[in-house]
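Novice: Handing over work.cif, mmCIF, all heavy atoms.
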data_start
loop_
_atom_site.label_atom_id
_atom_site.label_comp_id
_atom_site.auth_asym_id
_atom_site.auth_seq_id
_atom_site.Cartn_x
_atom_site.Cartn_y
_atom_site.Cartn_z
N MET A 1 -6.33 -23.12 -15.13
CA MET A 1 -6.82 -23.27 -13.78
C MET A 1 -7.54 -21.97 -13.39
O MET A 1 -6.97 -20.90 -13.38
CB MET A 1 -5.65 -23.56 -12.84
CG MET A 1 -6.06 -23.78 -11.42
SD MET A 1 -4.55 -23.88 -10.43
CE MET A 1 -4.86 -25.29 -9.48
N ASN A 2 -8.80 -22.05 -13.07
CA ASN A 2 -9.59 -20.89 -12.71
C ASN A 2 -9.62 -20.74 -11.19
O ASN A 2 -10.35 -21.44 -10.51
CB ASN A 2 -11.01 -21.02 -13.28
CG ASN A 2 -11.81 -19.76 -13.09
OD1 ASN A 2 -11.27 -18.69 -12.80
ND2 ASN A 2 -13.10 -19.87 -13.28
N GLN A 3 -8.81 -19.83 -10.67
CA GLN A 3 -8.72 -19.65 -9.23
C GLN A 3 -9.55 -18.44 -8.81
O GLN A 3 -9.56 -17.42 -9.48
CB GLN A 3 -7.27 -19.44 -8.81
CG GLN A 3 -6.41 -20.65 -9.01
CD GLN A 3 -5.00 -20.40 -8.53
OE1 GLN A 3 -4.43 -19.35 -8.76
NE2 GLN A 3 -4.43 -21.39 -7.87
N LYS A 4 -10.23 -18.59 -7.69
CA LYS A 4 -11.04 -17.51 -7.15
C LYS A 4 -10.45 -17.09 -5.81
O LYS A 4 -10.14 -17.91 -4.98
CB LYS A 4 -12.48 -17.98 -6.96
CG LYS A 4 -13.40 -16.90 -6.48
CD LYS A 4 -14.82 -17.40 -6.35
CE LYS A 4 -15.68 -16.28 -5.80
NZ LYS A 4 -16.96 -16.75 -5.32
N LYS A 5 -10.31 -15.77 -5.62
CA LYS A 5 -9.72 -15.29 -4.38
C LYS A 5 -10.67 -15.48 -3.21
O LYS A 5 -11.89 -15.43 -3.36
CB LYS A 5 -9.32 -13.82 -4.49
CG LYS A 5 -10.46 -12.85 -4.37
CD LYS A 5 -9.93 -11.42 -4.40
CE LYS A 5 -11.06 -10.42 -4.26
NZ LYS A 5 -10.58 -9.04 -4.33
N ASN A 6 -10.08 -15.70 -2.05
CA ASN A 6 -10.84 -15.70 -0.81
C ASN A 6 -10.57 -14.33 -0.18
O ASN A 6 -9.46 -14.07 0.29
CB ASN A 6 -10.36 -16.82 0.12
CG ASN A 6 -11.13 -16.88 1.41
OD1 ASN A 6 -11.69 -15.88 1.87
ND2 ASN A 6 -11.16 -18.05 2.02
N PRO A 7 -11.57 -13.44 -0.17
CA PRO A 7 -11.34 -12.08 0.32
C PRO A 7 -11.02 -12.02 1.81
O PRO A 7 -10.62 -10.98 2.32
CB PRO A 7 -12.64 -11.35 0.00
CG PRO A 7 -13.67 -12.43 -0.08
CD PRO A 7 -12.95 -13.66 -0.58
N ASN A 8 -11.16 -13.13 2.51
CA ASN A 8 -10.88 -13.18 3.94
C ASN A 8 -9.44 -13.57 4.25
O ASN A 8 -9.02 -13.52 5.40
CB ASN A 8 -11.82 -14.17 4.63
CG ASN A 8 -13.25 -13.72 4.54
OD1 ASN A 8 -13.58 -12.59 4.88
ND2 ASN A 8 -14.11 -14.57 4.03
N ILE A 9 -8.68 -14.01 3.22
CA ILE A 9 -7.30 -14.45 3.45
C ILE A 9 -6.37 -13.67 2.54
O ILE A 9 -6.19 -14.00 1.36
CB ILE A 9 -7.14 -15.97 3.21
CG1 ILE A 9 -8.14 -16.78 4.02
CG2 ILE A 9 -5.70 -16.40 3.56
CD1 ILE A 9 -8.14 -18.26 3.72
N HIS A 10 -5.77 -12.61 3.05
CA HIS A 10 -4.79 -11.82 2.31
C HIS A 10 -3.45 -12.55 2.36
O HIS A 10 -3.05 -13.04 3.41
CB HIS A 10 -4.67 -10.43 2.94
CG HIS A 10 -3.75 -9.53 2.20
ND1 HIS A 10 -2.47 -9.28 2.64
CD2 HIS A 10 -3.92 -8.85 1.05
CE1 HIS A 10 -1.90 -8.46 1.79
NE2 HIS A 10 -2.74 -8.18 0.81
N CYS A 11 -2.77 -12.64 1.22
CA CYS A 11 -1.49 -13.35 1.16
C CYS A 11 -0.58 -12.70 0.13
O CYS A 11 -1.01 -12.44 -0.99
CB CYS A 11 -1.71 -14.81 0.81
SG CYS A 11 -0.18 -15.75 0.69
N THR A 12 0.66 -12.46 0.51
CA THR A 12 1.64 -11.87 -0.41
C THR A 12 2.75 -12.85 -0.76
O THR A 12 3.77 -12.44 -1.31
CB THR A 12 2.26 -10.60 0.21
OG1 THR A 12 2.87 -10.95 1.45
CG2 THR A 12 1.21 -9.53 0.44
N VAL A 13 2.57 -14.13 -0.49
CA VAL A 13 3.60 -15.13 -0.77
C VAL A 13 3.39 -15.67 -2.18
O VAL A 13 2.69 -16.66 -2.40
CB VAL A 13 3.57 -16.27 0.28
CG1 VAL A 13 4.69 -17.27 0.01
CG2 VAL A 13 3.69 -15.71 1.68
N GLY A 14 4.01 -15.00 -3.14
CA GLY A 14 3.85 -15.38 -4.54
C GLY A 14 4.42 -16.74 -4.88
O GLY A 14 4.08 -17.31 -5.91
N GLN A 15 5.27 -17.28 -4.04
CA GLN A 15 5.86 -18.60 -4.28
C GLN A 15 4.90 -19.73 -3.93
O GLN A 15 5.17 -20.89 -4.22
CB GLN A 15 7.15 -18.75 -3.46
CG GLN A 15 8.25 -17.80 -3.87
CD GLN A 15 8.12 -16.43 -3.22
OE1 GLN A 15 7.16 -16.13 -2.50
NE2 GLN A 15 9.09 -15.57 -3.47
N CYS A 16 3.76 -19.42 -3.30
CA CYS A 16 2.77 -20.45 -2.94
C CYS A 16 1.79 -20.65 -4.09
O CYS A 16 1.29 -19.68 -4.66
CB CYS A 16 2.02 -20.04 -1.67
SG CYS A 16 0.81 -21.30 -1.15
N ARG A 17 1.50 -21.88 -4.41
CA ARG A 17 0.59 -22.17 -5.53
C ARG A 17 -0.85 -21.73 -5.24
O ARG A 17 -1.66 -21.63 -6.15
CB ARG A 17 0.65 -23.64 -5.91
CG ARG A 17 0.03 -24.58 -4.90
CD ARG A 17 -0.01 -25.98 -5.45
NE ARG A 17 -1.25 -26.14 -6.18
CZ ARG A 17 -2.01 -27.21 -6.13
NH1 ARG A 17 -1.62 -28.25 -5.44
NH2 ARG A 17 -3.13 -27.28 -6.79
N HIS A 18 -1.19 -21.46 -3.99
CA HIS A 18 -2.55 -21.04 -3.64
C HIS A 18 -2.72 -19.52 -3.68
O HIS A 18 -3.82 -19.01 -3.50
CB HIS A 18 -2.92 -21.55 -2.24
CG HIS A 18 -2.81 -23.02 -2.12
ND1 HIS A 18 -3.57 -23.91 -2.85
CD2 HIS A 18 -2.00 -23.79 -1.34
CE1 HIS A 18 -3.24 -25.14 -2.54
NE2 HIS A 18 -2.29 -25.10 -1.62
N ASN A 19 -1.62 -18.79 -3.93
CA ASN A 19 -1.68 -17.34 -3.96
C ASN A 19 -2.20 -16.86 -5.31
O ASN A 19 -1.74 -17.30 -6.35
CB ASN A 19 -0.28 -16.76 -3.71
CG ASN A 19 -0.26 -15.25 -3.78
OD1 ASN A 19 -0.12 -14.69 -4.86
ND2 ASN A 19 -0.40 -14.61 -2.65
N LEU A 20 -3.18 -15.96 -5.28
CA LEU A 20 -3.68 -15.32 -6.49
C LEU A 20 -2.86 -14.05 -6.68
O LEU A 20 -3.18 -12.99 -6.16
CB LEU A 20 -5.17 -15.00 -6.35
CG LEU A 20 -5.85 -14.42 -7.58
CD1 LEU A 20 -5.83 -15.41 -8.74
CD2 LEU A 20 -7.28 -14.04 -7.24
N CYS A 21 -1.77 -14.18 -7.38
CA CYS A 21 -0.75 -13.13 -7.47
C CYS A 21 -1.29 -11.79 -7.93
O CYS A 21 -0.84 -10.75 -7.48
CB CYS A 21 0.36 -13.56 -8.40
SG CYS A 21 1.22 -15.03 -7.85
N SER A 22 -2.25 -11.80 -8.80
CA SER A 22 -2.77 -10.54 -9.34
C SER A 22 -3.43 -9.68 -8.28
O SER A 22 -3.57 -8.47 -8.46
CB SER A 22 -3.76 -10.83 -10.47
OG SER A 22 -4.87 -11.57 -9.97
N GLU A 23 -3.86 -10.28 -7.17
CA GLU A 23 -4.54 -9.52 -6.13
C GLU A 23 -4.01 -9.77 -4.72
O GLU A 23 -4.53 -9.23 -3.76
CB GLU A 23 -6.04 -9.81 -6.16
CG GLU A 23 -6.70 -9.40 -7.47
CD GLU A 23 -8.19 -9.53 -7.41
OE1 GLU A 23 -8.80 -9.00 -6.47
OE2 GLU A 23 -8.75 -10.18 -8.31
N ASN A 24 -2.98 -10.61 -4.58
CA ASN A 24 -2.40 -10.92 -3.26
C ASN A 24 -3.41 -11.47 -2.26
O ASN A 24 -3.51 -11.02 -1.12
CB ASN A 24 -1.67 -9.72 -2.68
CG ASN A 24 -0.35 -9.46 -3.36
OD1 ASN A 24 0.31 -10.40 -3.80
ND2 ASN A 24 0.03 -8.22 -3.47
N PHE A 25 -4.17 -12.45 -2.71
CA PHE A 25 -5.11 -13.17 -1.85
C PHE A 25 -4.89 -14.66 -2.02
O PHE A 25 -4.36 -15.11 -3.04
CB PHE A 25 -6.56 -12.83 -2.19
CG PHE A 25 -7.00 -11.50 -1.70
CD1 PHE A 25 -6.88 -10.37 -2.50
CD2 PHE A 25 -7.53 -11.35 -0.43
CE1 PHE A 25 -7.29 -9.13 -2.05
CE2 PHE A 25 -7.93 -10.12 0.04
CZ PHE A 25 -7.81 -9.00 -0.78
N CYS A 26 -5.31 -15.42 -1.03
CA CYS A 26 -5.25 -16.88 -1.09
C CYS A 26 -6.49 -17.38 -1.83
O CYS A 26 -7.55 -16.77 -1.77
CB CYS A 26 -5.20 -17.44 0.33
SG CYS A 26 -4.97 -19.24 0.37
N THR A 27 -6.34 -18.51 -2.51
CA THR A 27 -7.47 -19.10 -3.22
C THR A 27 -8.10 -20.27 -2.46
O THR A 27 -9.09 -20.83 -2.92
CB THR A 27 -7.03 -19.59 -4.62
OG1 THR A 27 -6.00 -20.56 -4.46
CG2 THR A 27 -6.53 -18.43 -5.47
N LEU A 28 -7.55 -20.60 -1.30
CA LEU A 28 -8.13 -21.68 -0.50
C LEU A 28 -9.35 -21.19 0.28
O LEU A 28 -9.46 -20.01 0.59
CB LEU A 28 -7.08 -22.21 0.49
CG LEU A 28 -5.87 -22.91 -0.11
CD1 LEU A 28 -4.86 -23.23 0.98
CD2 LEU A 28 -6.29 -24.17 -0.85
N ASP A 29 -10.24 -22.10 0.62
CA ASP A 29 -11.39 -21.78 1.47
C ASP A 29 -10.96 -21.60 2.91
O ASP A 29 -11.57 -20.85 3.67
CB ASP A 29 -12.44 -22.89 1.41
CG ASP A 29 -13.09 -22.99 0.05
OD1 ASP A 29 -13.21 -21.96 -0.64
OD2 ASP A 29 -13.48 -24.11 -0.33
N MET A 30 -9.89 -22.29 3.29
CA MET A 30 -9.40 -22.30 4.67
C MET A 30 -7.91 -22.59 4.63
O MET A 30 -7.44 -23.31 3.77
CB MET A 30 -10.14 -23.40 5.43
CG MET A 30 -9.64 -23.68 6.81
SD MET A 30 -10.50 -25.09 7.55
CE MET A 30 -9.57 -26.46 6.88
N VAL A 31 -7.16 -22.00 5.56
CA VAL A 31 -5.74 -22.31 5.69
C VAL A 31 -5.47 -22.92 7.05
O VAL A 31 -6.22 -22.70 8.00
CB VAL A 31 -4.84 -21.07 5.49
CG1 VAL A 31 -4.93 -20.54 4.08
CG2 VAL A 31 -5.15 -20.00 6.48
N ASN A 32 -4.41 -23.69 7.13
CA ASN A 32 -3.98 -24.28 8.39
C ASN A 32 -2.75 -23.53 8.88
O ASN A 32 -1.77 -23.39 8.15
CB ASN A 32 -3.64 -25.77 8.22
CG ASN A 32 -4.85 -26.59 7.89
OD1 ASN A 32 -5.87 -26.47 8.55
ND2 ASN A 32 -4.75 -27.41 6.87
N ILE A 33 -2.81 -23.04 10.10
CA ILE A 33 -1.71 -22.30 10.70
C ILE A 33 -1.08 -23.18 11.77
O ILE A 33 -1.77 -23.82 12.56
CB ILE A 33 -2.20 -20.98 11.33
CG1 ILE A 33 -2.98 -20.15 10.30
CG2 ILE A 33 -1.05 -20.20 11.93
CD1 ILE A 33 -2.20 -19.75 9.08
N GLY A 34 0.24 -23.20 11.78
CA GLY A 34 0.95 -24.02 12.76
C GLY A 34 2.19 -23.30 13.25
O GLY A 34 2.39 -22.12 12.98
N THR A 35 3.03 -24.03 13.96
CA THR A 35 4.28 -23.46 14.46
C THR A 35 5.37 -24.51 14.43
O THR A 35 5.10 -25.71 14.46
CB THR A 35 4.11 -22.91 15.89
OG1 THR A 35 5.34 -22.28 16.29
CG2 THR A 35 3.73 -23.98 16.88
N HIS A 36 6.60 -24.04 14.35
CA HIS A 36 7.76 -24.93 14.40
C HIS A 36 8.47 -24.82 15.75
O HIS A 36 9.53 -25.38 15.94
CB HIS A 36 8.73 -24.61 13.26
CG HIS A 36 9.16 -23.18 13.23
ND1 HIS A 36 8.42 -22.21 12.59
CD2 HIS A 36 10.21 -22.56 13.79
CE1 HIS A 36 9.03 -21.05 12.74
NE2 HIS A 36 10.12 -21.23 13.47
N GLU A 37 7.87 -24.12 16.68
CA GLU A 37 8.43 -23.89 18.01
C GLU A 37 7.57 -24.59 19.07
O GLU A 37 6.37 -24.75 18.89
CB GLU A 37 8.47 -22.39 18.34
CG GLU A 37 9.26 -21.56 17.36
CD GLU A 37 10.75 -21.74 17.50
OE1 GLU A 37 11.20 -22.12 18.60
OE2 GLU A 37 11.46 -21.49 16.52
N THR A 38 8.17 -24.95 20.19
CA THR A 38 7.40 -25.54 21.28
C THR A 38 6.66 -24.48 22.08
O THR A 38 5.63 -24.76 22.68
CB THR A 38 8.31 -26.35 22.23
OG1 THR A 38 9.35 -25.51 22.69
CG2 THR A 38 8.89 -27.55 21.51
N ASN A 39 7.18 -23.26 22.08
CA ASN A 39 6.55 -22.18 22.83
C ASN A 39 6.65 -20.89 21.99
O ASN A 39 7.47 -20.03 22.28
CB ASN A 39 7.24 -22.00 24.18
CG ASN A 39 6.53 -21.00 25.07
OD1 ASN A 39 5.37 -20.70 24.84
ND2 ASN A 39 7.23 -20.48 26.05
N PRO A 40 5.81 -20.74 20.95
CA PRO A 40 5.92 -19.57 20.08
C PRO A 40 5.67 -18.27 20.84
O PRO A 40 4.76 -18.18 21.65
CB PRO A 40 4.85 -19.81 19.02
CG PRO A 40 3.92 -20.80 19.60
CD PRO A 40 4.69 -21.60 20.58
N SER A 41 6.53 -17.28 20.58
CA SER A 41 6.41 -16.01 21.29
C SER A 41 6.40 -14.79 20.36
O SER A 41 6.09 -13.70 20.79
CB SER A 41 7.52 -15.87 22.32
OG SER A 41 8.78 -15.96 21.68
N VAL A 42 6.77 -14.98 19.09
CA VAL A 42 6.76 -13.90 18.11
C VAL A 42 6.19 -14.43 16.80
O VAL A 42 6.18 -15.65 16.57
CB VAL A 42 8.17 -13.31 17.88
CG1 VAL A 42 8.68 -12.60 19.13
CG2 VAL A 42 9.15 -14.38 17.45
N LYS A 43 5.74 -13.54 15.93
CA LYS A 43 5.07 -13.99 14.70
C LYS A 43 5.97 -14.83 13.79
O LYS A 43 5.49 -15.64 13.01
CB LYS A 43 4.49 -12.81 13.94
CG LYS A 43 5.49 -11.85 13.37
CD LYS A 43 4.77 -10.71 12.65
CE LYS A 43 5.75 -9.72 12.08
NZ LYS A 43 5.05 -8.66 11.37
N GLU A 44 7.30 -14.66 13.89
CA GLU A 44 8.21 -15.46 13.08
C GLU A 44 8.18 -16.94 13.45
O GLU A 44 8.69 -17.78 12.69
CB GLU A 44 9.65 -14.92 13.21
CG GLU A 44 9.86 -13.58 12.52
CD GLU A 44 9.37 -12.38 13.34
OE1 GLU A 44 9.04 -12.54 14.53
OE2 GLU A 44 9.35 -11.28 12.78
N CYS A 45 7.59 -17.28 14.57
CA CYS A 45 7.47 -18.67 15.01
C CYS A 45 6.24 -19.36 14.41
O CYS A 45 6.07 -20.56 14.58
CB CYS A 45 7.36 -18.73 16.53
SG CYS A 45 8.80 -18.12 17.41
N VAL A 46 5.40 -18.61 13.72
CA VAL A 46 4.14 -19.13 13.19
C VAL A 46 4.27 -19.39 11.69
O VAL A 46 4.89 -18.62 10.97
CB VAL A 46 2.99 -18.14 13.48
CG1 VAL A 46 1.68 -18.65 12.92
CG2 VAL A 46 2.88 -17.91 14.97
N ASP A 47 3.69 -20.49 11.21
CA ASP A 47 3.81 -20.89 9.80
C ASP A 47 2.44 -21.14 9.18
O ASP A 47 1.50 -21.56 9.87
CB ASP A 47 4.59 -22.21 9.70
CG ASP A 47 5.92 -22.15 10.39
OD1 ASP A 47 6.73 -21.27 10.03
OD2 ASP A 47 6.16 -22.97 11.30
N CYS A 48 2.35 -20.94 7.87
CA CYS A 48 1.17 -21.35 7.13
C CYS A 48 1.42 -22.78 6.67
O CYS A 48 2.21 -23.03 5.75
CB CYS A 48 0.93 -20.43 5.93
SG CYS A 48 -0.51 -20.93 4.96
N ASP A 49 0.77 -23.72 7.30
CA ASP A 49 0.96 -25.13 6.96
C ASP A 49 0.26 -25.52 5.66
O ASP A 49 0.43 -26.63 5.18
CB ASP A 49 0.47 -26.02 8.11
CG ASP A 49 1.39 -25.96 9.32
OD1 ASP A 49 2.56 -25.55 9.18
OD2 ASP A 49 0.93 -26.30 10.43
N SER A 50 -0.51 -24.59 5.08
CA SER A 50 -1.17 -24.84 3.80
C SER A 50 -0.26 -24.51 2.62
O SER A 50 -0.62 -24.75 1.47
CB SER A 50 -2.45 -24.01 3.70
OG SER A 50 -3.36 -24.38 4.71
N PHE A 51 0.92 -23.96 2.89
CA PHE A 51 1.85 -23.57 1.82
C PHE A 51 2.23 -24.76 0.97
O PHE A 51 2.55 -25.83 1.46
CB PHE A 51 3.11 -22.95 2.43
CG PHE A 51 4.17 -22.65 1.42
CD1 PHE A 51 4.14 -21.47 0.70
CD2 PHE A 51 5.19 -23.55 1.17
CE1 PHE A 51 5.12 -21.19 -0.25
CE2 PHE A 51 6.17 -23.28 0.22
CZ PHE A 51 6.14 -22.10 -0.49
N GLU A 52 2.17 -24.55 -0.36
CA GLU A 52 2.68 -25.51 -1.33
C GLU A 52 3.46 -24.72 -2.36
O GLU A 52 2.94 -23.73 -2.90
CB GLU A 52 1.53 -26.26 -2.03
CG GLU A 52 0.79 -27.20 -1.12
CD GLU A 52 -0.29 -27.98 -1.86
OE1 GLU A 52 -0.15 -28.22 -3.08
OE2 GLU A 52 -1.29 -28.32 -1.22
N LYS A 53 4.69 -25.11 -2.63
CA LYS A 53 5.53 -24.37 -3.57
C LYS A 53 4.92 -24.37 -4.96
O LYS A 53 4.49 -25.39 -5.47
CB LYS A 53 6.93 -24.97 -3.62
CG LYS A 53 7.85 -24.21 -4.55
CD LYS A 53 9.29 -24.40 -4.19
CE LYS A 53 10.24 -23.74 -5.16
NZ LYS A 53 9.95 -22.40 -5.55
N ARG A 54 4.88 -23.18 -5.54
CA ARG A 54 4.38 -23.01 -6.92
C ARG A 54 5.40 -23.62 -7.87
O ARG A 54 6.60 -23.42 -7.71
CB ARG A 54 4.23 -21.52 -7.19
CG ARG A 54 3.64 -21.17 -8.53
CD ARG A 54 3.57 -19.67 -8.72
NE ARG A 54 2.71 -19.01 -7.76
CZ ARG A 54 1.40 -18.89 -7.86
NH1 ARG A 54 0.77 -19.40 -8.90
NH2 ARG A 54 0.70 -18.26 -6.93
N SER A 55 4.93 -24.33 -8.89
CA SER A 55 5.85 -24.97 -9.82
C SER A 55 6.33 -24.01 -10.92
O SER A 55 7.42 -24.16 -11.44
CB SER A 55 5.21 -26.19 -10.45
OG SER A 55 4.03 -25.82 -11.15
N GLY A 56 5.52 -23.03 -11.26
CA GLY A 56 5.89 -22.06 -12.28
C GLY A 56 6.00 -20.68 -11.69
O GLY A 56 6.01 -20.50 -10.47
N CYS A 57 6.08 -19.69 -12.55
CA CYS A 57 6.20 -18.32 -12.06
C CYS A 57 4.82 -17.77 -11.67
O CYS A 57 3.78 -18.27 -12.09
CB CYS A 57 6.86 -17.43 -13.09
SG CYS A 57 5.96 -17.28 -14.62
N CYS A 58 4.85 -16.75 -10.88
CA CYS A 58 3.62 -16.11 -10.40
C CYS A 58 3.19 -15.09 -11.45
O CYS A 58 3.81 -14.05 -11.61
CB CYS A 58 3.89 -15.43 -9.06
SG CYS A 58 2.44 -14.74 -8.29
N GLU A 59 2.16 -15.42 -12.19
CA GLU A 59 1.67 -14.51 -13.24
C GLU A 59 0.25 -14.12 -12.99
O GLU A 59 -0.55 -14.81 -12.49
CB GLU A 59 1.77 -15.19 -14.60
CG GLU A 59 3.20 -15.50 -14.95
CD GLU A 59 3.31 -16.20 -16.29
OE1 GLU A 59 2.30 -16.37 -16.98
OE2 GLU A 59 4.42 -16.57 -16.64
#
Take the structure in this file and express it as structure tokens.

Specialist:
Amino acid sequence: MNQKKNPNIHCTVGQCRHNLCSENFCTLDMVNIGTHETNPSVKECVDCDSFEKRSGCCE
């Protein structure tokens, strides 16, 4: 799989299949951001809805 980094989306979540682990960037063109709270007030309330669990290790 030939993944290309998106220099506009920095990501350190190695468990996501869209993360380019070698450089800590996302490989998606766009990400969807959401929340699990009705009234988010701190960054912990915000989620990357584009997250997909990586099936193998981050190499």

Novice: To verify the selection step, state as a CSV table (one decimal) with all heavy atoms, keeping the file's coordinate frame which residues the PyMOL selection byres (((chain A and resi 17 and name CA) around 6) and name CA) yields on this input.

Specialist:
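What follows is the written file selection-v4.csv:
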chain,number,residue,atom,x,y,z
A,16,CYS,N,3.8,-19.4,-3.3
A,16,CYS,CA,2.8,-20.4,-2.9
A,16,CYS,C,1.8,-20.6,-4.1
A,16,CYS,O,1.3,-19.7,-4.7
A,16,CYS,CB,2.0,-20.0,-1.7
A,16,CYS,SG,0.8,-21.3,-1.2
A,18,HIS,N,-1.2,-21.5,-4.0
A,18,HIS,CA,-2.6,-21.0,-3.6
A,18,HIS,C,-2.7,-19.5,-3.7
A,18,HIS,O,-3.8,-19.0,-3.5
A,18,HIS,CB,-2.9,-21.6,-2.2
A,18,HIS,CG,-2.8,-23.0,-2.1
A,18,HIS,ND1,-3.6,-23.9,-2.8
A,18,HIS,CD2,-2.0,-23.8,-1.3
A,18,HIS,CE1,-3.2,-25.1,-2.5
A,18,HIS,NE2,-2.3,-25.1,-1.6
A,19,ASN,N,-1.6,-18.8,-3.9
A,19,ASN,CA,-1.7,-17.3,-4.0
A,19,ASN,C,-2.2,-16.9,-5.3
A,19,ASN,O,-1.7,-17.3,-6.4
A,19,ASN,CB,-0.3,-16.8,-3.7
A,19,ASN,CG,-0.3,-15.2,-3.8
A,19,ASN,OD1,-0.1,-14.7,-4.9
A,19,ASN,ND2,-0.4,-14.6,-2.6
A,52,GLU,N,2.2,-24.6,-0.4
A,52,GLU,CA,2.7,-25.5,-1.3
A,52,GLU,C,3.5,-24.7,-2.4
A,52,GLU,O,2.9,-23.7,-2.9
A,52,GLU,CB,1.5,-26.3,-2.0
A,52,GLU,CG,0.8,-27.2,-1.1
A,52,GLU,CD,-0.3,-28.0,-1.9
A,52,GLU,OE1,-0.2,-28.2,-3.1
A,52,GLU,OE2,-1.3,-28.3,-1.2
A,53,LYS,N,4.7,-25.1,-2.6
A,53,LYS,CA,5.5,-24.4,-3.6
A,53,LYS,C,4.9,-24.4,-5.0
A,53,LYS,O,4.5,-25.4,-5.5
A,53,LYS,CB,6.9,-25.0,-3.6
A,53,LYS,CG,7.8,-24.2,-4.6
A,53,LYS,CD,9.3,-24.4,-4.2
A,53,LYS,CE,10.2,-23.7,-5.2
A,53,LYS,NZ,10.0,-22.4,-5.6
A,54,ARG,N,4.9,-23.2,-5.5
A,54,ARG,CA,4.4,-23.0,-6.9
A,54,ARG,C,5.4,-23.6,-7.9
A,54,ARG,O,6.6,-23.4,-7.7
A,54,ARG,CB,4.2,-21.5,-7.2
A,54,ARG,CG,3.6,-21.2,-8.5
A,54,ARG,CD,3.6,-19.7,-8.7
A,54,ARG,NE,2.7,-19.0,-7.8
A,54,ARG,CZ,1.4,-18.9,-7.9
A,54,ARG,NH1,0.8,-19.4,-8.9
A,54,ARG,NH2,0.7,-18.3,-6.9

Novice: Determine the nearest neighbour of Phe51 in chain A from the options A:Gln15, A:His36, A:Phe25, A:Lys4, counting all atoms listed in the file.

Specialist: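 Among the listed residues, the smallest separation from Phe51 in chain A belongs to A:Gln15.
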
Novice: Considering all heavy atoms, state which residue in the set A:Gln3, A:Cys48, A:Thr35, A:Val42 is at the smallest distance from Leu20 in chain A.

Specialist: A:Gln3

Novice: Please compute the CB of Cys57 in chain A-CG of Asn24 in chain A distance, one decimal, in Å.

Specialist: 14.5 Å

Novice: Any idea what the distance is between atom C of Val46 in chain A and CD of Glu23 in chain A?

Specialist: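 Pair atom C of Val46 in chain A / CD of Glu23 in chain A returns 24.8 Å.
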
Novice: One decimal, Å: what's the distance from atom N of Pro7 in chain A over to atom C of Gly34 in chain A, could you say?

Specialist: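 The value is 21.6 Å.
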
Novice: Using DSSP on the backbone coordinates, identify all residues within chain A classified as strand (DSSP E or B); present the result as a PyMOL selection string.

Specialist: chain A and resi 10+16+19-20+25-26+33-35+46-48+53

Novice: For the provided coordinates, the residues matched by the PyMOL selection byres ((chain A and resi 31) around 4.5) should be stated as an mmCIF file with all heavy atoms, in the frame of the given file.

Specialist:
data_model
loop_
_atom_site.group_PDB
_atom_site.id
_atom_site.type_symbol
_atom_site.label_atom_id
_atom_site.label_comp_id
_atom_site.auth_asym_id
_atom_site.auth_seq_id
_atom_site.Cartn_x
_atom_site.Cartn_y
_atom_site.Cartn_z
ATOM 1 N N ILE A 9 -8.680 -14.010 3.220
ATOM 2 C CA ILE A 9 -7.300 -14.450 3.450
ATOM 3 C C ILE A 9 -6.370 -13.670 2.540
ATOM 4 O O ILE A 9 -6.190 -14.000 1.360
ATOM 5 C CB ILE A 9 -7.140 -15.970 3.210
ATOM 6 C CG1 ILE A 9 -8.140 -16.780 4.020
ATOM 7 C CG2 ILE A 9 -5.700 -16.400 3.560
ATOM 8 C CD1 ILE A 9 -8.140 -18.260 3.720
ATOM 9 N N CYS A 26 -5.310 -15.420 -1.030
ATOM 10 C CA CYS A 26 -5.250 -16.880 -1.090
ATOM 11 C C CYS A 26 -6.490 -17.380 -1.830
ATOM 12 O O CYS A 26 -7.550 -16.770 -1.770
ATOM 13 C CB CYS A 26 -5.200 -17.440 0.330
ATOM 14 S SG CYS A 26 -4.970 -19.240 0.370
ATOM 15 N N LEU A 28 -7.550 -20.600 -1.300
ATOM 16 C CA LEU A 28 -8.130 -21.680 -0.500
ATOM 17 C C LEU A 28 -9.350 -21.190 0.280
ATOM 18 O O LEU A 28 -9.460 -20.010 0.590
ATOM 19 C CB LEU A 28 -7.080 -22.210 0.490
ATOM 20 C CG LEU A 28 -5.870 -22.910 -0.110
ATOM 21 C CD1 LEU A 28 -4.860 -23.230 0.980
ATOM 22 C CD2 LEU A 28 -6.290 -24.170 -0.850
ATOM 23 N N MET A 30 -9.890 -22.290 3.290
ATOM 24 C CA MET A 30 -9.400 -22.300 4.670
ATOM 25 C C MET A 30 -7.910 -22.590 4.630
ATOM 26 O O MET A 30 -7.440 -23.310 3.770
ATOM 27 C CB MET A 30 -10.140 -23.400 5.430
ATOM 28 C CG MET A 30 -9.640 -23.680 6.810
ATOM 29 S SD MET A 30 -10.500 -25.090 7.550
ATOM 30 C CE MET A 30 -9.570 -26.460 6.880
ATOM 31 N N ASN A 32 -4.410 -23.690 7.130
ATOM 32 C CA ASN A 32 -3.980 -24.280 8.390
ATOM 33 C C ASN A 32 -2.750 -23.530 8.880
ATOM 34 O O ASN A 32 -1.770 -23.390 8.150
ATOM 35 C CB ASN A 32 -3.640 -25.770 8.220
ATOM 36 C CG ASN A 32 -4.850 -26.590 7.890
ATOM 37 O OD1 ASN A 32 -5.870 -26.470 8.550
ATOM 38 N ND2 ASN A 32 -4.750 -27.410 6.870
ATOM 39 N N ILE A 33 -2.810 -23.040 10.100
ATOM 40 C CA ILE A 33 -1.710 -22.300 10.700
ATOM 41 C C ILE A 33 -1.080 -23.180 11.770
ATOM 42 O O ILE A 33 -1.770 -23.820 12.560
ATOM 43 C CB ILE A 33 -2.200 -20.980 11.330
ATOM 44 C CG1 ILE A 33 -2.980 -20.150 10.300
ATOM 45 C CG2 ILE A 33 -1.050 -20.200 11.930
ATOM 46 C CD1 ILE A 33 -2.200 -19.750 9.080
ATOM 47 N N CYS A 48 2.350 -20.940 7.870
ATOM 48 C CA CYS A 48 1.170 -21.350 7.130
ATOM 49 C C CYS A 48 1.420 -22.780 6.670
ATOM 50 O O CYS A 48 2.210 -23.030 5.750
ATOM 51 C CB CYS A 48 0.930 -20.430 5.930
ATOM 52 S SG CYS A 48 -0.510 -20.930 4.960
ATOM 53 N N SER A 50 -0.510 -24.590 5.080
ATOM 54 C CA SER A 50 -1.170 -24.840 3.800
ATOM 55 C C SER A 50 -0.260 -24.510 2.620
ATOM 56 O O SER A 50 -0.620 -24.750 1.470
ATOM 57 C CB SER A 50 -2.450 -24.010 3.700
ATOM 58 O OG SER A 50 -3.360 -24.380 4.710
#
